[in-house]
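Contents: one structure, followed by commentary.
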Amino acid sequence: MCDAKQLQDTLCTRIIMTREGNITKSLDPSSATINRDALAKTVYSRLFDWLVDKINKSVGQDSDSRTLIGVLDIYGFESFKNNSFEQFCINLANEKLQQHFNQHVFKMEQEEYSKEEINWSYIEFIDNQDVLDLIERKPVGIISLLDEACMFPRSTHETFATKLFQSFKNHSRFKKPKLSLTDFTISHYAGEVTYQANLFLEKNRDYSIVEHHSLLSSSKCPFVAGLFPPSLEDTSKSSYKFSSVATRFKQQLQALMETLSLTEPHYIRCVKPNSGNRPGNFENLSVLHQLRCGGVLEAVRISCAGYPTRRTYDEFLDRFGLLAPKFVGTQNNEKAATEELLQRLNLSNYQLGKTKVFLRAGQMAEMDARRAEALNNAAKVIQRQFRTFIARKEFNRKRRAALKIQCYWRGWLARKLYKVMRREAASVIIQKYIRRWLSQKVYIHLRFAVNTIQAGIRAYFVRREYQLKRQTLAALKIQKNWRMWKARSYFLHLRVATISFQCAWRCRLARKELHRLKLAERETGALREAKNKLEKRCEELTWRLQLEKRLRADAEESKSLEIRKLQNALEEMQLESDAAKALALKEKEANLVLRNKLEVATNQSSALEESYVKIQDLTRENQSLKISVESLEKKVADTHRELVISQNETDERLRKVKEVESNIAQLQETVHRLEEKLSNLESENQVLRQQALVVSPTNGLTNHATPMILQKTPEAQQVSQGSQHSMFDSSIDSQIIKVRSNSLSDTKLQSRFSIERQQENQRALVKCVIQDVGFSNDKPVAACIIYKCLLQWHAFEAEITPVFDHIIQTIGLIIEEKDDNDALSYWLSNTSTLIFLLQRNLKPSGVSTTPQRRYPGSVTLIGRMTQGFKSPSNHGSSGTGGTFGAHEGIQQVEAKYPAILFKQQVTTYLEKIYGILRENVKKDIGPLLSLCIQAPRMSRASMSKGSRSPNMIGATQQVLSSHWHSIIKILNSLLSKLRANHVPPLLVCKLFTQVFSFINVQLFNSLLLRRECCSFSNGEYIKSGLAELEQWICEASEQYAGTSWDELRYIRQAVGFLVIHQKAKKTLDEIMQDICPVLTVQQLYRISTMYWDDKYGTQSVSREVFASMKMMMTRSSQNASANTFLLDDDTSIPFSVDELTKGMSDVDLSDVETPPLLRDISAFHFLQENT
């Protein structure tokens, strides 16, 4: 805000103005400190004044108003163990305010007595004017002496105290303590206070420096410059201007007293009951001291000595005139009436003024008692008359009621007599019928007993016969089961023996196969040569096919209009060929999932022989295709019959082309398997070379390094157990012999220690990955640390390294142990970030790589050959660059085969975690969806069984809405977990899109499969639930929900069809185009036939609509896909690596914090250097 150089000059120098010019003087450190503190005080003072001014303006005071209402919080009298300049100023303010209180209360009281001209005697009160003169009087007051001492630079607090003692040694209010040279005591109105004069001079000085004012007024900040406007005062010789704090305080206090003198004050005295701030405790001495200090006792004494109660004549007569109403009403003079009234009441010692009557203490209470007595007597008279009226009225009412009761009572007695006579006649008739019923009952009981005895005897004989037959059948069944058990035991014994024999024979065959595989592994060089020959053969075949296609294109250009029809047929066949290609790519994708299994090696030899035979067949077929093309060119000008013949030949040729393409796909798969086997064998050879380099002449391989290096493939473990010499070729053997004979001991130790350090670093990294290290600046720390460590260790450029396997195994174990959504969201964020970093910064080397799982690319020789055969125009558009696209401006790392394989494995785990998380959400939502579709039916059943009370209906509605609320709760919980773990919005959007697709499929299929759910009330219930889902989608925003609302289009339109009224008036076109444009005819027919209105009893669509639906269903019955009316759930992975990379923002690794576990390890200090 200010110039730094000018600020430095202002604080460190002092300018003295003379006639000859300005003299700049450098300040010592103590003076510079005082100068700095003065600047701070000046800024603070101006800011405080500005703040007070802003507050006064914001209160909304009217500057033109002549009246004022203010609240003043009076300083409390302060007397501490150590009292300084602050307590001196506060007690001065208390003295001033106490003087104003005395003048207002005591003097005003006596002035009112004089104004009314009553007989009174002057009342003495304590005046503190002498204390104020001691402090404020000029030129020998304490403040004047303090300002005089502050003006001299050499003055100290001792000289100031000495001057005070000399000036006020005879003053009654000033005392000097015996044990101190600088303390002094002042007798205030509230008591004596001893002040320490040590810091009076420092606290009273306040310098106003011109340089400070000019510096801050020239500030670039308008606010600071506004606080210090330009001054019009003349500059003196010195830039330092002395200003007294005590003098300013006295002036402000004097201004306050002038303001108070212009107002009518009202005092509120607050008394503190006890010093401990405890309830229910009242300290008499403390309260008495406060009342005495506040002048309350003096005010009470003056009031008791005078006339505390005073009323104007009209107020007095208006209140007490009822004590003598006849006399008061006849008098016109209020003063004479008041005097006569007081005399009749026998009151004495009162005074009558000009306008008021003055009463002693207690007289007003006596008059109020007489007034209350007169009012009570009048009230008693009124009550007596009113009660007489009420009693007479009540007597007349009771007499009328008694006459009416007698009338009704006599009528009731007559009715009662008639009822008794009627009951006697009825009882005779009842007795007759009861006696007849008792006789009939005895007869029926006897007849039932006889029938029971007869039935029991007959049943006994029948049971005995049945028991005999049952025993016979049980014996037969026991014999049958015994024979069956004997035969089954013999069969099981034979089967166990057969299985044992088969297992032994298969073990023998497996050992032979293992031996054969070991021999095949030794022939790696032969396989490599076979691969090269196969590639050359495939390239030649590709060239011939392209040449044939060019010849065929030249021939097709010269054909006539009839031949163009043949071209259309060829294009249709080409589409079928593309479909065959897609099927081949799908088969290729399925085969790549099993690329790490070792069973493929068992069929390598036979596959190579078959591939050679197929290549020869393809060559012969290509020659036949050339002959057919030439014959087709010769027959262009023939008749229609020849055209038909040529079409047939063309169809035959296309069939052969399909066969050729299928053979090419098989060759591509075979070559891919060979490439994988060769890469595995090369990696194993690299492992064996590394082992040979670290082997000592006497001990061989190290015990701790071998297991970790040789855990990549089972073949490498077999080699470590005893078949090493058979795996090496001659060049490797010669290198091992050379290393063993020429290596020095220090080289071996160094390599051994380096391997141990690498293993320790890898274990530390794995241990850190296992822990939940959280996020740093919204980035997953685990993924960033893994990538930075791999980049630092040059793991991406290594031909073989175990660190990739350790990381993959660790991630796999963590996912298997922790399958909750929180942990899955955490690792979904880490794996997606790691894939993004690998995809952005890695580029493949010369090693051929496997394509992506969901979007395969053509990166091998066979893949390029197939693309060239299928679409020559797009040849060369795909390759490794498409698979490993990187951002511009980022230096890429050339990745070897292990790094590319690691990237594919991380991609696999990313898709696995996504699938597990999706299935977990489906498992949580599935039961709730079943309850949602069945809830209205269950509620109707409960309402039919129970009562229809309001409580029952409210509980039912709450249960109905709880299912949808549970679904919303699950979605909110999932979204909060995904946001908390910073999962990329693309994955969150895809996940919720598939979840809502699952909700759509479940609800729609349940609606079509259950007739009790396809009702009007069920449609209203599902519609309300869909409205809650729509509200949730809007709250979640499009970034996370995406097109989730569109995924519910089937159930939305089906529910909309259920809840519309007057379905019979709708035509089929209106239903299919306006109401349900997405639903098929089969689905609409199913809903229309199953619909029933359980609420209003309306009908479904009309018969004409049903007939039209049946006709449309008959026409489309030939299409198998159109016959089904159910929806299928999408369980695929809806994103690719390229799509994920484009959808994520750039990750800056420089601001990722290092986990505490790795900070103390020296090998990981590079992580902290990067940050």
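Residues in the structure tokens are numbered from 1 in each chain, the chains being A, B, ... in the order shown, and ligands are numbered from 1 in the order shown.
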inquiry  = Can you tell me, as a list of chain:residue names, which residues in region 762-847 of chain A count as strand (DSSP E) by DSSP?
reply    = A:Phe775, A:Ser776, A:Lys779, A:Pro780, A:Leu842, A:Lys843, A:Pro844
request  = Just give me the gap between CA of Lys57 (chain A) and CA of Cys221 (chain A) in Å, one decimal is fine.
outcome  =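 Those two atoms sit 22.8 Å apart.
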query = Leaving out region 171-186 of chain A and any residue of its chain fewer than 5 positions from it, which residues lie within 7 Å of it when counting only C-alpha atoms, given as a ChimeraX atom specification?
reply = /A:131,157-158,161,192-197
inquiry  = Neighbouring residues of Ser1132 (chain A) were defined as those with any atom within 12 Å, considering only C-alpha atoms; residues of the same chain fewer than 6 positions away were excluded. Please report them as a ChimeraX atom specification.
reply    = /A:853-854,911-912,914-915,918-919,990-991,994
Just write the chosen residues, all heavy atoms, as a short mmCIF file (atom, residue, chain, number, x, y, z; two decimals), in the first residue's frame.
```cif
data_model
loop_
_atom_site.label_atom_id
_atom_site.label_comp_id
_atom_site.auth_asym_id
_atom_site.auth_seq_id
_atom_site.Cartn_x
_atom_site.Cartn_y
_atom_site.Cartn_z
N ARG A 853 -9.85 -55.28 -23.88
CA ARG A 853 -10.86 -56.31 -23.76
C ARG A 853 -12.13 -55.96 -24.51
O ARG A 853 -12.65 -56.73 -25.29
CB ARG A 853 -11.19 -56.51 -22.27
CG ARG A 853 -10.08 -57.16 -21.52
CD ARG A 853 -10.48 -57.38 -20.08
NE ARG A 853 -11.63 -58.25 -20.05
CZ ARG A 853 -12.34 -58.47 -18.95
NH1 ARG A 853 -12.02 -57.87 -17.84
NH2 ARG A 853 -13.39 -59.28 -18.96
N ARG A 854 -12.63 -54.77 -24.30
CA ARG A 854 -13.93 -54.42 -24.88
C ARG A 854 -13.80 -53.78 -26.25
O ARG A 854 -14.69 -53.85 -27.05
CB ARG A 854 -14.67 -53.47 -23.94
CG ARG A 854 -15.09 -54.11 -22.65
CD ARG A 854 -15.90 -53.15 -21.81
NE ARG A 854 -17.03 -52.60 -22.57
CZ ARG A 854 -18.17 -53.25 -22.76
NH1 ARG A 854 -18.35 -54.43 -22.23
NH2 ARG A 854 -19.15 -52.69 -23.43
N GLU A 911 -12.38 -53.27 -14.12
CA GLU A 911 -13.68 -53.77 -14.55
C GLU A 911 -14.28 -54.72 -13.53
O GLU A 911 -15.49 -54.75 -13.31
CB GLU A 911 -13.52 -54.46 -15.91
CG GLU A 911 -13.07 -53.52 -17.02
CD GLU A 911 -12.82 -54.26 -18.33
OE1 GLU A 911 -12.85 -55.50 -18.30
OE2 GLU A 911 -12.59 -53.60 -19.35
N LYS A 912 -13.43 -55.51 -12.85
CA LYS A 912 -13.93 -56.43 -11.83
C LYS A 912 -14.51 -55.66 -10.65
O LYS A 912 -15.60 -55.99 -10.15
CB LYS A 912 -12.81 -57.35 -11.37
CG LYS A 912 -13.23 -58.37 -10.33
CD LYS A 912 -12.07 -59.26 -9.94
CE LYS A 912 -12.49 -60.28 -8.88
NZ LYS A 912 -11.36 -61.15 -8.46
N TYR A 914 -15.65 -52.61 -10.67
CA TYR A 914 -16.88 -51.96 -11.14
C TYR A 914 -18.03 -52.96 -11.14
O TYR A 914 -19.14 -52.65 -10.70
CB TYR A 914 -16.64 -51.39 -12.53
CG TYR A 914 -17.85 -50.75 -13.15
CD1 TYR A 914 -18.17 -49.42 -12.90
CD2 TYR A 914 -18.70 -51.47 -13.97
CE1 TYR A 914 -19.28 -48.83 -13.46
CE2 TYR A 914 -19.82 -50.89 -14.53
CZ TYR A 914 -20.09 -49.58 -14.28
OH TYR A 914 -21.20 -49.00 -14.84
N GLY A 915 -17.78 -54.19 -11.64
CA GLY A 915 -18.84 -55.20 -11.69
C GLY A 915 -19.29 -55.62 -10.30
O GLY A 915 -20.49 -55.79 -10.05
N ARG A 918 -21.39 -52.85 -8.80
CA ARG A 918 -22.71 -52.81 -9.45
C ARG A 918 -23.60 -53.94 -8.95
O ARG A 918 -24.79 -53.75 -8.66
CB ARG A 918 -22.52 -52.89 -10.96
CG ARG A 918 -23.82 -52.86 -11.77
CD ARG A 918 -23.52 -53.10 -13.23
NE ARG A 918 -22.87 -54.39 -13.42
CZ ARG A 918 -22.23 -54.75 -14.53
NH1 ARG A 918 -22.14 -53.90 -15.54
NH2 ARG A 918 -21.65 -55.94 -14.63
N GLU A 919 -23.04 -55.14 -8.81
CA GLU A 919 -23.84 -56.27 -8.33
C GLU A 919 -24.24 -56.07 -6.87
O GLU A 919 -25.34 -56.49 -6.47
CB GLU A 919 -23.05 -57.57 -8.49
CG GLU A 919 -22.76 -57.95 -9.93
CD GLU A 919 -24.04 -58.07 -10.76
OE1 GLU A 919 -25.04 -58.55 -10.22
OE2 GLU A 919 -24.03 -57.66 -11.93
N LYS A 990 -21.85 -43.85 -15.35
CA LYS A 990 -22.10 -45.16 -15.95
C LYS A 990 -22.74 -46.11 -14.95
O LYS A 990 -23.65 -46.89 -15.29
CB LYS A 990 -20.79 -45.75 -16.48
CG LYS A 990 -20.15 -44.96 -17.60
CD LYS A 990 -20.97 -45.01 -18.87
CE LYS A 990 -20.25 -44.28 -20.01
NZ LYS A 990 -21.06 -44.29 -21.25
N LEU A 991 -22.26 -46.08 -13.70
CA LEU A 991 -22.78 -46.99 -12.68
C LEU A 991 -24.25 -46.70 -12.41
O LEU A 991 -25.08 -47.63 -12.38
CB LEU A 991 -21.96 -46.85 -11.40
CG LEU A 991 -22.40 -47.71 -10.21
CD1 LEU A 991 -22.34 -49.19 -10.57
CD2 LEU A 991 -21.53 -47.43 -9.00
N GLN A 994 -26.54 -47.84 -15.28
CA GLN A 994 -26.86 -49.26 -15.28
C GLN A 994 -27.77 -49.64 -14.12
O GLN A 994 -28.61 -50.55 -14.24
CB GLN A 994 -25.57 -50.08 -15.24
CG GLN A 994 -24.80 -50.05 -16.56
CD GLN A 994 -23.75 -51.13 -16.64
OE1 GLN A 994 -23.12 -51.47 -15.65
NE2 GLN A 994 -23.56 -51.67 -17.82
#
```
inquiry  = From the options A:Pro230, A:Ile382, A:Leu297, A:Glu20, which residue's atoms come nearest to Ser218 (chain A), counting only C-alpha atoms?
reply    = A:Pro230
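Of note, CA of Ser1150 (chain A) and CA of Val781 (chain A) are spaced 11.6 Å apart.
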